[in-house]
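As stored in structure_2.cif (mmCIF, C-alpha atoms and all ligand atoms):
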```cif
data_query
#
loop_
_atom_site.label_atom_id
_atom_site.label_comp_id
_atom_site.auth_asym_id
_atom_site.auth_seq_id
_atom_site.Cartn_x
_atom_site.Cartn_y
_atom_site.Cartn_z
CA MET J 13 18.87 11.37 -0.53
CA LYS J 14 19.37 11.57 -4.28
CA PRO J 15 19.00 15.25 -5.21
CA GLY J 16 15.67 16.04 -6.80
CA LEU J 17 14.12 12.67 -6.12
CA ASP J 18 11.65 12.23 -3.27
CA LEU J 19 9.69 9.02 -3.68
CA ILE J 20 7.22 7.39 -1.32
CA ASP J 21 6.82 3.63 -1.22
CA THR J 22 3.19 3.48 -0.07
CA HIS J 23 3.25 -0.29 0.50
CA CYS J 24 6.36 -2.03 1.79
CA HIS J 25 6.41 -4.98 4.19
CA LEU J 26 9.74 -3.97 5.69
CA ASP J 27 8.85 -5.85 8.87
CA ALA J 28 8.73 -9.17 6.96
CA VAL J 29 11.16 -11.92 7.93
CA GLU J 30 12.68 -11.76 4.43
CA PHE J 31 14.38 -8.51 5.50
CA ALA J 32 15.65 -9.70 8.88
CA ALA J 33 19.26 -10.10 7.76
CA ASP J 34 19.85 -6.84 5.89
CA ARG J 35 17.08 -4.40 6.83
CA ASP J 36 19.46 -1.61 7.95
CA GLN J 37 21.40 -1.69 4.68
CA LEU J 38 18.22 -1.77 2.61
CA VAL J 39 16.79 1.27 4.35
CA ALA J 40 20.07 3.14 3.87
CA GLN J 41 20.21 2.13 0.18
CA SER J 42 16.60 3.17 -0.37
CA LEU J 43 17.20 6.57 1.17
CA ALA J 44 20.33 7.01 -0.94
CA ALA J 45 18.34 6.08 -4.05
CA GLY J 46 15.77 8.81 -3.40
CA VAL J 47 13.03 6.97 -1.49
CA SER J 48 12.24 9.33 1.38
CA THR J 49 9.36 7.47 3.03
CA LEU J 50 8.29 3.84 3.45
CA VAL J 51 4.74 3.03 4.52
CA VAL J 52 4.75 -0.33 6.31
CA PRO J 53 1.38 -2.10 6.67
CA ALA J 54 0.85 -4.82 9.26
CA VAL J 55 -0.80 -8.13 8.39
CA THR J 56 -1.60 -9.82 11.73
CA ALA J 57 -2.19 -8.66 15.32
CA PRO J 58 0.72 -10.64 16.81
CA GLY J 59 2.90 -8.73 14.31
CA PHE J 60 1.76 -5.22 15.37
CA ALA J 61 4.72 -4.74 17.73
CA GLN J 62 7.19 -5.65 14.99
CA THR J 63 5.46 -3.25 12.58
CA ARG J 64 5.56 -0.45 15.16
CA GLN J 65 9.23 -1.17 15.69
CA MET J 66 9.94 -0.16 12.06
CA ALA J 67 8.84 3.41 12.84
CA GLN J 68 10.94 3.43 16.01
CA LEU J 69 14.07 2.14 14.27
CA TYR J 70 13.81 4.09 11.02
CA PRO J 71 12.66 7.73 10.88
CA CYS J 72 11.67 7.22 7.21
CA CYS J 73 8.99 4.64 8.13
CA ARG J 74 5.31 5.29 8.73
CA ILE J 75 3.05 2.44 9.72
CA ALA J 76 -0.46 1.15 9.12
CA LEU J 77 -2.11 -1.49 11.29
CA GLY J 78 -4.72 -4.00 10.18
CA LEU J 79 -5.67 -7.64 9.73
CA HIS J 80 -4.88 -9.02 6.26
CA PRO J 81 -7.55 -11.19 4.58
CA ILE J 82 -5.01 -13.84 3.53
CA TYR J 83 -4.56 -14.74 7.20
CA ILE J 84 -8.30 -15.00 7.87
CA GLN J 85 -7.87 -18.38 9.57
CA SER J 86 -5.41 -17.07 12.14
CA HIS J 87 -7.24 -13.87 13.16
CA LEU J 88 -9.03 -14.25 16.51
CA PRO J 89 -12.03 -12.20 17.69
CA GLN J 90 -9.87 -10.36 20.25
CA HIS J 91 -7.51 -9.17 17.51
CA LEU J 92 -10.09 -6.56 16.52
CA SER J 93 -9.98 -5.13 20.04
CA TRP J 94 -6.18 -5.15 19.92
CA LEU J 95 -6.38 -3.20 16.68
CA ARG J 96 -8.82 -0.74 18.20
CA ALA J 97 -6.52 -0.17 21.21
CA GLN J 98 -3.53 0.32 18.91
CA LEU J 99 -5.39 2.86 16.76
CA ALA J 100 -6.39 4.73 19.91
CA GLN J 101 -2.69 4.89 20.85
CA GLY J 102 -1.90 6.83 17.64
CA GLY J 103 1.23 6.88 15.50
CA VAL J 104 -0.60 5.15 12.65
CA VAL J 105 -1.21 6.70 9.20
CA ALA J 106 -3.84 4.21 7.98
CA VAL J 107 -5.78 1.05 8.73
CA GLY J 108 -4.19 -1.70 6.67
CA GLU J 109 -3.55 -4.01 5.19
CA ILE J 110 -7.21 -4.98 4.98
CA GLY J 111 -9.45 -6.21 2.18
CA LEU J 112 -10.83 -9.25 0.41
CA ASP J 113 -9.07 -12.06 -1.44
CA GLY J 114 -11.14 -14.14 -3.85
CA PHE J 115 -8.09 -15.59 -5.54
CA VAL J 116 -6.38 -17.77 -2.94
CA PRO J 117 -8.44 -20.99 -2.65
CA GLY J 118 -9.97 -21.95 0.69
CA LEU J 119 -10.37 -18.51 2.26
CA ASP J 120 -13.87 -18.10 3.72
CA MET J 121 -15.27 -15.04 1.92
CA ALA J 122 -18.12 -14.49 4.36
CA ALA J 123 -15.64 -14.39 7.26
CA GLN J 124 -13.38 -12.05 5.27
CA GLU J 125 -16.29 -9.68 4.69
CA VAL J 126 -17.20 -9.57 8.38
CA LEU J 127 -13.60 -8.75 9.30
CA PHE J 128 -13.27 -6.20 6.49
CA VAL J 129 -16.46 -4.36 7.48
CA ALA J 130 -15.40 -4.24 11.14
CA GLN J 131 -12.06 -2.69 10.10
CA LEU J 132 -13.72 -0.16 7.79
CA GLN J 133 -15.82 0.87 10.77
CA LEU J 134 -12.68 1.32 12.86
CA ALA J 135 -11.12 3.43 10.09
CA ALA J 136 -14.25 5.60 10.00
CA GLU J 137 -14.26 5.91 13.80
CA PHE J 138 -10.60 6.99 13.93
CA ASP J 139 -10.88 9.08 10.74
CA LEU J 140 -8.07 7.17 9.03
CA PRO J 141 -7.61 6.13 5.38
CA VAL J 142 -7.36 2.43 4.52
CA LEU J 143 -4.80 0.34 2.59
CA LEU J 144 -6.75 -2.18 0.54
CA HIS J 145 -5.74 -5.64 -0.61
CA ILE J 146 -8.10 -6.57 -3.47
CA ARG J 147 -7.90 -9.80 -5.43
CA LYS J 148 -10.85 -10.96 -7.51
CA ALA J 149 -13.07 -8.82 -5.30
CA GLN J 150 -13.14 -5.32 -6.83
CA ASP J 151 -16.92 -4.96 -6.94
CA LEU J 152 -17.43 -6.52 -3.52
CA ILE J 153 -14.91 -4.10 -2.01
CA LEU J 154 -16.60 -1.19 -3.79
CA LYS J 155 -19.95 -2.26 -2.36
CA HIS J 156 -18.56 -2.05 1.18
CA VAL J 157 -16.63 1.21 0.79
CA ARG J 158 -19.69 2.83 -0.73
CA ARG J 159 -21.68 1.89 2.35
CA ILE J 160 -19.08 2.62 5.03
CA ARG J 161 -17.46 5.91 4.13
CA VAL J 162 -13.85 6.26 5.22
CA LYS J 163 -11.32 9.02 4.67
CA GLY J 164 -10.28 7.50 1.34
CA GLY J 165 -7.37 5.14 1.00
CA ILE J 166 -5.24 3.24 -1.48
CA ALA J 167 -6.38 0.36 -3.68
CA HIS J 168 -3.01 -1.34 -3.44
CA ALA J 169 -1.56 -3.15 -6.51
CA PHE J 170 -4.60 -2.06 -8.48
CA ASN J 171 -5.56 -4.52 -11.20
CA GLY J 172 -9.22 -3.80 -11.86
CA SER J 173 -10.93 -2.25 -14.87
CA ARG J 174 -11.03 1.41 -15.86
CA GLN J 175 -14.62 1.59 -14.68
CA GLN J 176 -13.69 0.15 -11.27
CA ALA J 177 -10.75 2.57 -11.08
CA ASP J 178 -13.11 5.48 -11.73
CA GLU J 179 -15.43 4.25 -8.97
CA PHE J 180 -12.57 4.11 -6.46
CA ILE J 181 -11.42 7.59 -7.47
CA LYS J 182 -14.95 8.97 -7.02
CA LEU J 183 -14.94 7.57 -3.48
CA GLY J 184 -11.68 9.39 -2.66
CA PHE J 185 -9.26 6.51 -3.21
CA ARG J 186 -5.84 6.51 -4.84
CA LEU J 187 -4.59 3.57 -6.87
CA GLY J 188 -1.25 1.93 -6.11
CA PHE J 189 1.05 0.96 -9.01
CA GLY J 190 4.28 -0.99 -8.69
CA GLY J 191 6.09 -4.03 -10.03
CA ALA J 192 3.18 -5.36 -12.12
CA MET J 193 3.31 -2.30 -14.39
CA THR J 194 6.94 -3.09 -15.36
CA PHE J 195 5.96 -6.22 -17.34
CA ASP J 196 5.28 -5.63 -21.05
CA ARG J 197 2.55 -8.28 -21.00
CA ALA J 198 0.60 -6.40 -18.29
CA ARG J 199 -1.26 -4.44 -20.98
CA ARG J 200 -4.29 -3.42 -18.96
CA ILE J 201 -2.32 -2.27 -15.91
CA ARG J 202 0.10 -0.32 -18.14
CA GLU J 203 -2.80 1.28 -19.98
CA LEU J 204 -4.36 2.36 -16.67
CA ALA J 205 -1.04 3.68 -15.37
CA ALA J 206 -0.64 5.70 -18.56
CA THR J 207 -4.14 7.16 -18.73
CA LEU J 208 -5.67 7.52 -15.24
CA PRO J 209 -5.60 11.02 -13.76
CA LEU J 210 -2.16 11.63 -12.28
CA GLN J 211 -3.74 12.89 -9.02
CA ALA J 212 -5.11 9.36 -8.46
CA LEU J 213 -1.78 7.51 -8.61
CA VAL J 214 0.66 6.49 -5.89
CA LEU J 215 3.75 4.30 -6.13
CA GLU J 216 4.51 1.15 -4.20
CA THR J 217 6.71 -1.94 -4.22
CA ASP J 218 4.77 -4.42 -2.02
CA ALA J 219 8.26 -5.68 -1.09
CA PRO J 220 9.23 -8.48 -0.56
CA ASP J 221 6.51 -9.53 -3.07
CA MET J 222 5.62 -8.41 -6.61
CA ALA J 223 9.17 -7.95 -7.87
CA PRO J 224 9.54 -5.85 -11.03
CA ALA J 225 10.43 -7.38 -14.40
CA TRP J 226 14.20 -6.85 -13.94
CA ALA J 227 14.17 -8.73 -10.62
CA TYR J 228 11.66 -11.40 -11.62
CA ARG J 229 11.28 -14.12 -8.98
CA GLN J 230 13.73 -12.36 -6.70
CA ARG J 231 13.00 -10.71 -3.40
CA ASN J 232 11.53 -7.28 -4.07
CA SER J 233 12.77 -4.26 -2.11
CA PRO J 234 12.14 -0.49 -1.92
CA VAL J 235 15.51 0.01 -3.64
CA HIS J 236 13.63 -0.76 -6.89
CA LEU J 237 11.15 2.10 -6.47
CA PRO J 238 13.08 4.73 -8.48
CA ARG J 239 13.23 2.42 -11.49
CA ILE J 240 9.53 1.55 -11.07
CA ALA J 241 8.85 5.30 -11.05
CA SER J 242 10.87 5.63 -14.27
CA VAL J 243 8.59 3.07 -15.91
CA LEU J 244 5.55 5.15 -14.92
CA ALA J 245 7.28 8.28 -16.23
CA GLU J 246 7.93 6.55 -19.54
CA LEU J 247 4.36 5.27 -19.81
CA ARG J 248 3.01 8.77 -19.19
CA GLN J 249 5.71 10.50 -21.22
CA MET J 250 6.69 12.63 -18.27
CA THR J 251 9.98 13.24 -16.50
CA LEU J 252 10.93 11.09 -13.52
CA ALA J 253 11.12 14.21 -11.35
CA ASP J 254 7.55 15.20 -12.24
CA VAL J 255 6.21 11.69 -11.61
CA ALA J 256 8.01 11.56 -8.26
CA ALA J 257 6.73 14.97 -7.19
CA ALA J 258 3.13 14.24 -8.19
CA THR J 259 2.82 10.73 -6.73
CA SER J 260 4.54 11.76 -3.49
CA ALA J 261 2.24 14.77 -3.12
CA ASN J 262 -0.75 12.44 -3.62
CA ALA J 263 0.50 10.04 -0.94
CA ARG J 264 1.31 12.87 1.50
CA GLU J 265 -2.10 14.44 1.11
CA LEU J 266 -3.93 11.16 1.62
CA LEU J 267 -1.84 9.84 4.50
CA GLY J 268 -1.12 13.18 6.17
CA LEU J 269 2.66 12.77 5.82
CA SER J 270 4.98 15.70 6.25
CA ALA J 271 7.49 16.67 3.57
CA PRO J 272 11.10 15.61 4.18
CA ALA J 273 13.32 18.08 6.06
ZN ZN D 301 0.84 -6.08 1.15
#
```

Translate this structure into structure tokens?
Amino acid sequence: MKPGLDLIDTHCHLDAVEFAADRDQLVAQSLAAGVSTLVVPAVTAPGFAQTRQMAQLYPCCRIALGLHPIYIQSHLPQHLSWLRAQLAQGGVVAVGEIGLDGFVPGLDMAAQEVLFVAQLQLAAEFDLPVLLHIRKAQDLILKHVRRIRVKGGIAHAFNGSRQQADEFIKLGFRLGFGGAMTFDRARRIRELAATLPLQALVLETDAPDMAPAWAYRQRNSPVHLPRIASVLAELRQMTLADVAAATSANARELLGLSAPA
């Protein structure tokens, strides 16, 4: 690992098919670049085994299991019981990726809410934090997490308002910042990244999606995390080392991760 740097990618779909050909090299490159831990969230129940495999293959990976709202049409009722059985088995740092998507047309919001609530209840039952996917649904998500109290979590790729950010923080959530903050035109996200309390921030790539400005329209990967962290450091007028230490401590505390050996 790069001396002095110890970054955590709190949201990386390393199990995605986009990484099938060069996953080993990418993990090695990420470690060499100073990314000590990758948190890999699942998106569907048939994919749970593949997600778990990431933690078996790569000691730097930690996994979360959950049913992603984008795939609402393919989740079956029994997938919730699969999830429950998997959580009971252990080896999982969070329930995720779960949430609500009001952006993609044609996704049944009522069905998404039922699934989301059921997964919040599982997170509460197993005393796990949650990794939240939120698109055009900030207030709706807040309504549910106010009602069903979980052990905090991460509002991944946060793009809400300052007021919504403050509400999440009050409820024990951290906010995930990544590629979006590297675009000059993303004024509101950059303003939030610069001014929110540092204790509330964690870093992420959302690889293979949400590539940073310098890799626009390319496949994103955790190798970009150090440069994404530098953007946050610049926005906050801090050193990269301080940003890395603070955001990694935030992620470790929330997800119960141990420090690297
Ligand atoms: Zn994701």

Report as a compact mmCIF listing (two decimals) with C-alpha atoms, in the coordinates of the input all protein, DNA and RNA residues lying within 7 Å of Thr22 (chain J), evaluated on all atoms listed in the file, omitting residues in the same chain fewer than 4 positions from it.
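Generated output (out.txt):
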```txt
# COMPACT_ATOMS: atom_id res chain seq x y z
CA LEU J 50 8.29 3.84 3.45
CA VAL J 51 4.74 3.03 4.52
CA LEU J 215 3.75 4.30 -6.13
CA GLU J 216 4.51 1.15 -4.20
```

Given a cut-off of 7 Å, what residues near ligand ZN 301 (chain D) show up using all atoms listed in the file, put as a compact mmCIF listing (two decimals) with C-alpha atoms, in the frame of the given file?
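Result file result.txt:
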```
# COMPACT_ATOMS: atom_id res chain seq x y z
CA HIS J 23 3.25 -0.29 0.50
CA CYS J 24 6.36 -2.03 1.79
CA HIS J 25 6.41 -4.98 4.19
CA PRO J 53 1.38 -2.10 6.67
CA GLU J 109 -3.55 -4.01 5.19
CA HIS J 145 -5.74 -5.64 -0.61
CA ASP J 218 4.77 -4.42 -2.02
```

Using only C-alpha atoms, pick whichever of J:Arg64, J:Lys163, J:His87, J:His168 has the shortest atom-to-atom distance to Gln124 (chain J).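 Counting only C-alpha atoms, the residue closest to Gln124 (chain J) is J:His87.
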
Write out as a PDB file with C-alpha atoms, in the coordinates of the input the residues lying within 8 Å of region 177-193 of chain J, counting all atoms listed in the file and excluding same-chain residues fewer than 4 positions away.
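Dumped everything to result.pdb:
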```pdb
ATOM      1  CA  THR J  22       3.190   3.480  -0.070  1.00  0.00           C
ATOM      2  CA  LEU J 154     -16.600  -1.190  -3.790  1.00  0.00           C
ATOM      3  CA  VAL J 157     -16.630   1.210   0.790  1.00  0.00           C
ATOM      4  CA  ARG J 158     -19.690   2.830  -0.730  1.00  0.00           C
ATOM      5  CA  LYS J 163     -11.320   9.020   4.670  1.00  0.00           C
ATOM      6  CA  GLY J 164     -10.280   7.500   1.340  1.00  0.00           C
ATOM      7  CA  GLY J 165      -7.370   5.140   1.000  1.00  0.00           C
ATOM      8  CA  ILE J 166      -5.240   3.240  -1.480  1.00  0.00           C
ATOM      9  CA  ALA J 167      -6.380   0.360  -3.680  1.00  0.00           C
ATOM     10  CA  HIS J 168      -3.010  -1.340  -3.440  1.00  0.00           C
ATOM     11  CA  ALA J 169      -1.560  -3.150  -6.510  1.00  0.00           C
ATOM     12  CA  PHE J 170      -4.600  -2.060  -8.480  1.00  0.00           C
ATOM     13  CA  GLY J 172      -9.220  -3.800 -11.860  1.00  0.00           C
ATOM     14  CA  SER J 173     -10.930  -2.250 -14.870  1.00  0.00           C
ATOM     15  CA  ALA J 198       0.600  -6.400 -18.290  1.00  0.00           C
ATOM     16  CA  ILE J 201      -2.320  -2.270 -15.910  1.00  0.00           C
ATOM     17  CA  ARG J 202       0.100  -0.320 -18.140  1.00  0.00           C
ATOM     18  CA  ALA J 205      -1.040   3.680 -15.370  1.00  0.00           C
ATOM     19  CA  GLN J 211      -3.740  12.890  -9.020  1.00  0.00           C
ATOM     20  CA  ALA J 212      -5.110   9.360  -8.460  1.00  0.00           C
ATOM     21  CA  LEU J 213      -1.780   7.510  -8.610  1.00  0.00           C
ATOM     22  CA  VAL J 214       0.660   6.490  -5.890  1.00  0.00           C
ATOM     23  CA  LEU J 215       3.750   4.300  -6.130  1.00  0.00           C
ATOM     24  CA  GLU J 216       4.510   1.150  -4.200  1.00  0.00           C
ATOM     25  CA  THR J 217       6.710  -1.940  -4.220  1.00  0.00           C
ATOM     26  CA  ASP J 218       4.770  -4.420  -2.020  1.00  0.00           C
ATOM     27  CA  MET J 222       5.620  -8.410  -6.610  1.00  0.00           C
ATOM     28  CA  ALA J 223       9.170  -7.950  -7.870  1.00  0.00           C
ATOM     29  CA  PRO J 224       9.540  -5.850 -11.030  1.00  0.00           C
ATOM     30  CA  ALA J 225      10.430  -7.380 -14.400  1.00  0.00           C
ATOM     31  CA  LEU J 237      11.150   2.100  -6.470  1.00  0.00           C
ATOM     32  CA  ILE J 240       9.530   1.550 -11.070  1.00  0.00           C
ATOM     33  CA  VAL J 243       8.590   3.070 -15.910  1.00  0.00           C
ATOM     34  CA  LEU J 244       5.550   5.150 -14.920  1.00  0.00           C
ATOM     35  CA  ASN J 262      -0.750  12.440  -3.620  1.00  0.00           C
TER      36      ASN J 262
END
```

If you measure from CA of Ala149 (chain J) to CA of Thr259 (chain J), what distance in Å do you get, rounded to one decimal?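 The value is 25.2 Å.
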
Work out how far apart CA of Ala123 (chain J) and CA of Asn171 (chain J) are and give it in Å to one decimal.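 A separation of 23.2 Å between them.
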
Region 42-46 of chain J surroundings by all atoms listed in the file, 12 Å radius, close-in-sequence under 6 positions cut, as a PyMOL selection string: chain J and resi 13-21+24+26+35-36+70-73+217+233-239+241+252-253+256-257+260+272

Taking only C-alpha atoms into account, name the residue in J:Ala100, J:Asp221, J:Asp27, J:Leu77 that is nearest to Gln62 (chain J).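 Distance minimum relative to Gln62 (chain J) lands on J:Asp27.
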
Can you tell me, as JSON, the centre and edge lengths (Å, one decimal) of the axis-aligned box enclosing all of region 213-226 of chain J's listed atoms after padding each side by 4 Å?
```
{"center_x": 6.2, "center_y": -1.0, "center_z": -7.5, "size_x": 24.0, "size_y": 25.0, "size_z": 21.8}
```

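Taking CA of Ala136 (chain J) and CA of Ile160 (chain J) as endpoints, the distance between them is 7.5 Å.
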
Can you list, as a ChimeraX atom specification, every protein, DNA or RNA residue that comes within 12 Å of Ala122 (chain J) when you count all atoms listed in the file, leaving out same-chain residues fewer than 2 positions away? /J:81,84,112-114,118-120,124-129,152

Output of the above residues as an mmCIF file, in the frame of the given file, restricted to C-alpha atoms:
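Output (part.cif):
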```
data_model
loop_
_atom_site.group_PDB
_atom_site.id
_atom_site.type_symbol
_atom_site.label_atom_id
_atom_site.label_comp_id
_atom_site.auth_asym_id
_atom_site.auth_seq_id
_atom_site.Cartn_x
_atom_site.Cartn_y
_atom_site.Cartn_z
ATOM 1 C CA PRO J 81 -7.550 -11.190 4.580
ATOM 2 C CA ILE J 84 -8.300 -15.000 7.870
ATOM 3 C CA LEU J 112 -10.830 -9.250 0.410
ATOM 4 C CA ASP J 113 -9.070 -12.060 -1.440
ATOM 5 C CA GLY J 114 -11.140 -14.140 -3.850
ATOM 6 C CA GLY J 118 -9.970 -21.950 0.690
ATOM 7 C CA LEU J 119 -10.370 -18.510 2.260
ATOM 8 C CA ASP J 120 -13.870 -18.100 3.720
ATOM 9 C CA GLN J 124 -13.380 -12.050 5.270
ATOM 10 C CA GLU J 125 -16.290 -9.680 4.690
ATOM 11 C CA VAL J 126 -17.200 -9.570 8.380
ATOM 12 C CA LEU J 127 -13.600 -8.750 9.300
ATOM 13 C CA PHE J 128 -13.270 -6.200 6.490
ATOM 14 C CA VAL J 129 -16.460 -4.360 7.480
ATOM 15 C CA LEU J 152 -17.430 -6.520 -3.520
#
```

Which neighbours of Gln131 (chain J) fall inside 8 Å, counting all atoms listed in the file, when residues of the same chain fewer than 2 positions from it are skipped, and could you give them as an MDAnalysis selection string? chainID J and resid 78 92 107 110 127:129 133:135

I need the residue nearest Leu267 (chain J) from this list: J:Met250, J:Val142, J:Val162, J:Leu204. Use only C-alpha atoms for the distance.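 The closest residue to Leu267 (chain J) is J:Val142.
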
Find the residue from J:Thr56, J:Asn232, J:Gln101, J:Ser48 that sits nearest to Glu30 (chain J); use only C-alpha atoms when measuring. J:Asn232

Of J:Val255, J:Ile153, J:Phe195, J:Pro58, the one nearest to Tyr83 (chain J) when counting only C-alpha atoms is J:Pro58

Taking only C-alpha atoms into account, name the residue in J:Ala57, J:Gly268, J:Arg161, J:Pro117 that is nearest to Ser93 (chain J).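 Looking only at the distances to Ser93 (chain J), the closest residue turns out to be J:Ala57.
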